[in-house]
Amino acid sequence: MRAAETPAGALARLRTVEARDGRLSLDQRRDLLDRLAKTLLARAEDLAAALDADYGGRSRLETLLADVLCTVDAARYSRRHLKSWARPRRAAVPYPFWPARAWEEPVPKGIIGIMAPWNYPVQLALVPVVDALAAGNRVVVKPSEGVPRTAALIAEVLEAALGPEVAATVLGGPDVAADFAAQPWDHLMFTGGTETGRKVAQAAARNLVPVTLELGGKCPAVVLPGADLAVAARDILVGKAVNAGQTCIAPDTVLLVGHTTAAFADACRASGLALPETGLASDAQAARLDRLVDGVALQPLGPDGPGRQRALALAFPDAGAALAREEVFGPVLAVEAVAGLAAAIGWINARPAPLAIYLFGATAAETAAVSAATRSGALVSGRTVEYAAFPALGFGGTGGSGQGRYHGKAGFLTFSEIRSHVRHGPWSLARLFDLPRKRLAHRLITRLVGVR
């Protein structure tokens, strides 16, 4: 392992490498993506053990699926499609400029800063690395200090797979994170809470650094009259149970249209889903969740497990409760019956736009109504959470849930500049307007703009 670097030091070192070696070729990018995937698979069990230790109880299967395989799939997908994404695209040339040729070419932005959270620390650090690498950039990653063992392993993975001339890792706490956000990156990506995202955006703005923000919000699951309540309840709980609900796209609040809260609660209990395999990530997370549910009517679906392993619970908060306002980010599912689809849309629009809206039992007309009347990063029917594992599907939020998109081609474009190219011919009609202009130029412009 290299000695610890500061954000400024890592950026300066990679700028020196970039100035010396230039951008990464397509062959280099493909090789680096392949090495990253292989290194992740080789260290998969180490990463699962590290995350289990950092959390004090994290599902091995969830780490292997959501952190390791999602990242490996993203690297493989980008490697397969990289050549077509990087191909220059011709642009139309207006006839007065013929025979000029014009085209657009995606080129690397340069050095990308990536700030990752603790909830999916491997995926949310390294999928942006995949996208940035595919676009030909070098990267500096700041993993979360909330999972120190995993952060150290991420540094080892990047060193082994990409080497010090392509990637750097900066470790440290909040002071280091603030310093990281303030650096003059060529692009900065942050995944985390909305309030911290605002601070990151403000710090980046001082250097006019473009940012991609992947934040949070209260993702609603709208259960409509056409839904099979037993199926809907199970599918919602499955998504909520992943990582003990500590997922930015986890269903946060169930809005019941044409179903009672009692019937939904019965369906949840009948599902047999009660105890997530993963616990709350820290004592601070547990204390935060306790604060949110204080004074709220709760219906646990089973007994808690050891340590910080909490059972799934249904909550029925009053409108003014903290749980009704703040993102839950834990194994508590708020439930509310609403008068109709219009009321559900009103509930959604009364809050910042979420990362995802989930629909169950929606007709084509109901789906179209929600799509037309709301804003969200995604609109998903029939399941929750899983869409984030589709490597070809752009992922991102809007408004309070973030800005910008990544994953697959969307990520490639996020971390690319689109450079315009023009090659002029030896003559064109447009040159008739060059100085010194003759009478013909004045006659032509008069005819073109229709002035007599």
# chains A, B, ... in the order shown; residues from 1 in each chain; ligands from 1
>>> residues_around(residues="Ala102 in chain A", least_positions_apart="3", cutoff="12 Å", atoms="only C-alpha atoms", output="tab-separated table (two decimals) with all heavy atoms, in the first residue's frame")
chain	number	residue	atom	x	y	z
A	88	PRO	N	-16.86	8.54	-32.49
A	88	PRO	CA	-17.32	9.88	-32.89
A	88	PRO	C	-18.64	9.80	-33.66
A	88	PRO	O	-18.87	8.83	-34.40
A	88	PRO	CB	-16.20	10.41	-33.78
A	88	PRO	CG	-14.99	9.62	-33.37
A	88	PRO	CD	-15.51	8.25	-33.02
A	89	ARG	N	-19.49	10.80	-33.49
A	89	ARG	CA	-20.79	10.83	-34.14
A	89	ARG	C	-20.84	12.02	-35.09
A	89	ARG	O	-20.56	13.16	-34.70
A	89	ARG	CB	-21.91	10.96	-33.10
A	89	ARG	CG	-21.85	9.93	-31.99
A	89	ARG	CD	-22.19	8.55	-32.48
A	89	ARG	NE	-22.08	7.57	-31.40
A	89	ARG	CZ	-22.29	6.27	-31.54
A	89	ARG	NH1	-22.63	5.80	-32.73
A	89	ARG	NH2	-22.15	5.44	-30.53
A	90	ARG	N	-21.25	11.76	-36.33
A	90	ARG	CA	-21.35	12.84	-37.31
A	90	ARG	C	-22.50	13.77	-36.95
A	90	ARG	O	-23.52	13.36	-36.40
A	90	ARG	CB	-21.57	12.27	-38.71
A	90	ARG	CG	-20.35	11.55	-39.26
A	90	ARG	CD	-20.54	11.17	-40.71
A	90	ARG	NE	-20.68	12.35	-41.56
A	90	ARG	CZ	-20.81	12.30	-42.88
A	90	ARG	NH1	-20.85	11.13	-43.51
A	90	ARG	NH2	-20.92	13.41	-43.57
A	91	ALA	N	-22.33	15.04	-37.27
A	91	ALA	CA	-23.36	16.04	-37.06
A	91	ALA	C	-23.70	16.70	-38.39
A	91	ALA	O	-22.83	16.86	-39.25
A	91	ALA	CB	-22.89	17.11	-36.07
A	92	ALA	N	-24.96	17.04	-38.57
A	92	ALA	CA	-25.40	17.65	-39.82
A	92	ALA	C	-24.77	19.03	-39.99
A	92	ALA	O	-24.58	19.78	-39.02
A	92	ALA	CB	-26.92	17.76	-39.83
A	93	VAL	N	-24.45	19.37	-41.24
A	93	VAL	CA	-23.88	20.67	-41.58
A	93	VAL	C	-24.88	21.42	-42.46
A	93	VAL	O	-25.32	20.88	-43.49
A	93	VAL	CB	-22.54	20.49	-42.33
A	93	VAL	CG1	-22.00	21.85	-42.78
A	93	VAL	CG2	-21.53	19.77	-41.46
A	94	PRO	N	-25.27	22.65	-42.12
A	94	PRO	CA	-26.18	23.41	-42.98
A	94	PRO	C	-25.58	23.61	-44.38
A	94	PRO	O	-24.36	23.82	-44.52
A	94	PRO	CB	-26.34	24.73	-42.24
A	94	PRO	CG	-25.97	24.44	-40.82
A	94	PRO	CD	-24.92	23.37	-40.90
A	97	PHE	N	-22.64	25.87	-45.65
A	97	PHE	CA	-21.26	25.60	-45.23
A	97	PHE	C	-20.67	24.36	-45.92
A	97	PHE	O	-19.54	23.99	-45.64
A	97	PHE	CB	-21.21	25.42	-43.71
A	97	PHE	CG	-21.71	26.61	-42.96
A	97	PHE	CD1	-23.02	26.66	-42.50
A	97	PHE	CD2	-20.90	27.71	-42.73
A	97	PHE	CE1	-23.51	27.76	-41.82
A	97	PHE	CE2	-21.37	28.82	-42.05
A	97	PHE	CZ	-22.68	28.85	-41.60
A	98	TRP	N	-21.48	23.68	-46.76
A	98	TRP	CA	-20.94	22.53	-47.48
A	98	TRP	C	-19.73	22.97	-48.28
A	98	TRP	O	-19.68	24.10	-48.78
A	98	TRP	CB	-22.01	21.96	-48.43
A	98	TRP	CG	-23.17	21.30	-47.72
A	98	TRP	CD1	-23.33	21.08	-46.41
A	98	TRP	CD2	-24.35	20.82	-48.36
A	98	TRP	NE1	-24.53	20.48	-46.15
A	98	TRP	CE2	-25.18	20.30	-47.33
A	98	TRP	CE3	-24.82	20.77	-49.68
A	98	TRP	CZ2	-26.43	19.73	-47.60
A	98	TRP	CZ3	-26.06	20.19	-49.94
A	98	TRP	CH2	-26.85	19.69	-48.91
A	99	PRO	N	-18.71	22.12	-48.45
A	99	PRO	CA	-18.62	20.71	-48.05
A	99	PRO	C	-17.94	20.50	-46.71
A	99	PRO	O	-17.18	19.54	-46.54
A	99	PRO	CB	-17.78	20.13	-49.19
A	99	PRO	CG	-16.81	21.25	-49.50
A	99	PRO	CD	-17.58	22.53	-49.30
A	105	GLU	N	-17.13	14.15	-30.48
A	105	GLU	CA	-16.30	13.08	-29.93
A	105	GLU	C	-16.30	13.16	-28.41
A	105	GLU	O	-16.00	14.22	-27.85
A	105	GLU	CB	-14.86	13.22	-30.44
A	105	GLU	CG	-13.88	12.25	-29.83
A	105	GLU	CD	-12.44	12.63	-30.09
A	105	GLU	OE1	-12.17	13.81	-30.40
A	105	GLU	OE2	-11.57	11.75	-29.94
A	419	ARG	N	-16.68	16.92	-27.26
A	419	ARG	CA	-15.93	17.92	-28.02
A	419	ARG	C	-16.46	17.98	-29.45
A	419	ARG	O	-16.62	16.95	-30.11
A	419	ARG	CB	-14.45	17.57	-28.03
A	419	ARG	CG	-13.60	18.50	-28.89
A	419	ARG	CD	-12.15	18.08	-28.88
A	419	ARG	NE	-11.52	18.39	-27.60
A	419	ARG	CZ	-10.31	17.97	-27.25
A	419	ARG	NH1	-9.62	17.18	-28.06
A	419	ARG	NH2	-9.81	18.30	-26.08
A	420	SER	N	-16.71	19.19	-29.92
A	420	SER	CA	-17.17	19.38	-31.30
A	420	SER	C	-15.97	19.55	-32.23
A	420	SER	O	-15.01	20.24	-31.89
A	420	SER	CB	-18.06	20.62	-31.40
A	420	SER	OG	-19.21	20.48	-30.60
A	421	HIS	N	-16.05	18.91	-33.41
A	421	HIS	CA	-15.02	19.03	-34.43
A	421	HIS	C	-15.65	19.53	-35.72
A	421	HIS	O	-16.76	19.10	-36.08
A	421	HIS	CB	-14.38	17.67	-34.73
A	421	HIS	CG	-13.57	17.11	-33.60
A	421	HIS	ND1	-12.19	17.16	-33.57
A	421	HIS	CD2	-13.94	16.48	-32.45
A	421	HIS	CE1	-11.75	16.58	-32.46
A	421	HIS	NE2	-12.80	16.16	-31.76
A	422	VAL	N	-14.96	20.40	-36.41
A	422	VAL	CA	-15.40	20.87	-37.73
A	422	VAL	C	-14.19	20.90	-38.65
A	422	VAL	O	-13.11	21.38	-38.25
A	422	VAL	CB	-16.04	22.27	-37.65
A	422	VAL	CG1	-16.40	22.77	-39.06
A	422	VAL	CG2	-17.27	22.27	-36.76
A	423	ARG	N	-14.39	20.41	-39.87
A	423	ARG	CA	-13.34	20.50	-40.90
A	423	ARG	C	-13.95	21.19	-42.12
A	423	ARG	O	-14.83	20.64	-42.79
A	423	ARG	CB	-12.82	19.11	-41.28
A	423	ARG	CG	-11.71	19.15	-42.33
A	423	ARG	CD	-11.13	17.76	-42.55
A	423	ARG	NE	-10.47	17.27	-41.34
A	423	ARG	CZ	-10.28	15.99	-41.07
A	423	ARG	NH1	-10.73	15.06	-41.90
A	423	ARG	NH2	-9.67	15.64	-39.95
A	424	HIS	N	-13.49	22.41	-42.39
A	424	HIS	CA	-14.04	23.19	-43.48
A	424	HIS	C	-13.41	22.80	-44.82
A	424	HIS	O	-12.23	22.43	-44.88
A	424	HIS	CB	-13.83	24.69	-43.25
A	424	HIS	CG	-14.75	25.26	-42.21
A	424	HIS	ND1	-16.06	25.53	-42.45
A	424	HIS	CD2	-14.52	25.59	-40.91
A	424	HIS	CE1	-16.62	26.03	-41.37
A	424	HIS	NE2	-15.71	26.06	-40.40
A	425	GLY	N	-14.19	22.93	-45.88
A	425	GLY	CA	-13.69	22.72	-47.23
A	425	GLY	C	-13.08	24.00	-47.79
A	425	GLY	O	-13.10	25.06	-47.14
>>> residues_around(residues="Gly404 in chain A", least_positions_apart="4", cutoff="12 Å", atoms="only C-alpha atoms", output="list of chain:residue names")
A:His187, A:Leu188, A:Met189, A:Phe190, A:Thr191, A:Pro210, A:Val211, A:Thr212, A:Leu213, A:Glu214, A:Leu215, A:Leu355, A:Gly377, A:Gly394, A:Phe395, A:Gly396, A:Gly397, A:Thr398, A:Gly399, A:Gly400, A:Ala410, A:Gly411, A:Phe412, A:Leu413, A:Thr414, A:Phe415
>>> atom_distance(atom1="CA of Glu156 in chain A", atom2="CA of Ala4 in chain A")
12.3 Å
>>> residues_around(residues="Asp186 in chain A", least_positions_apart="3", cutoff="9 Å", atoms="only C-alpha atoms", output="list in words")
Lys109, Gly110, Ile111, Ile112, Gly113, Val209, Pro210 and Phe415 of chain A
>>> select_by_dssp(residues="range 277-331 of chain A", states="helix (DSSP H, G or I)", output="list of chain:residue names")
A:Asp283, A:Ala284, A:Gln285, A:Ala286, A:Ala287, A:Arg288, A:Leu289, A:Asp290, A:Arg291, A:Leu292, A:Val293, A:Ala322, A:Leu323, A:Ala324, A:Arg325
>>> closest_residue(among="A:Leu273, A:Leu82, A:Ala227, A:Ala125", to="Ala151 in chain A", atoms="only C-alpha atoms")
A:Ala125
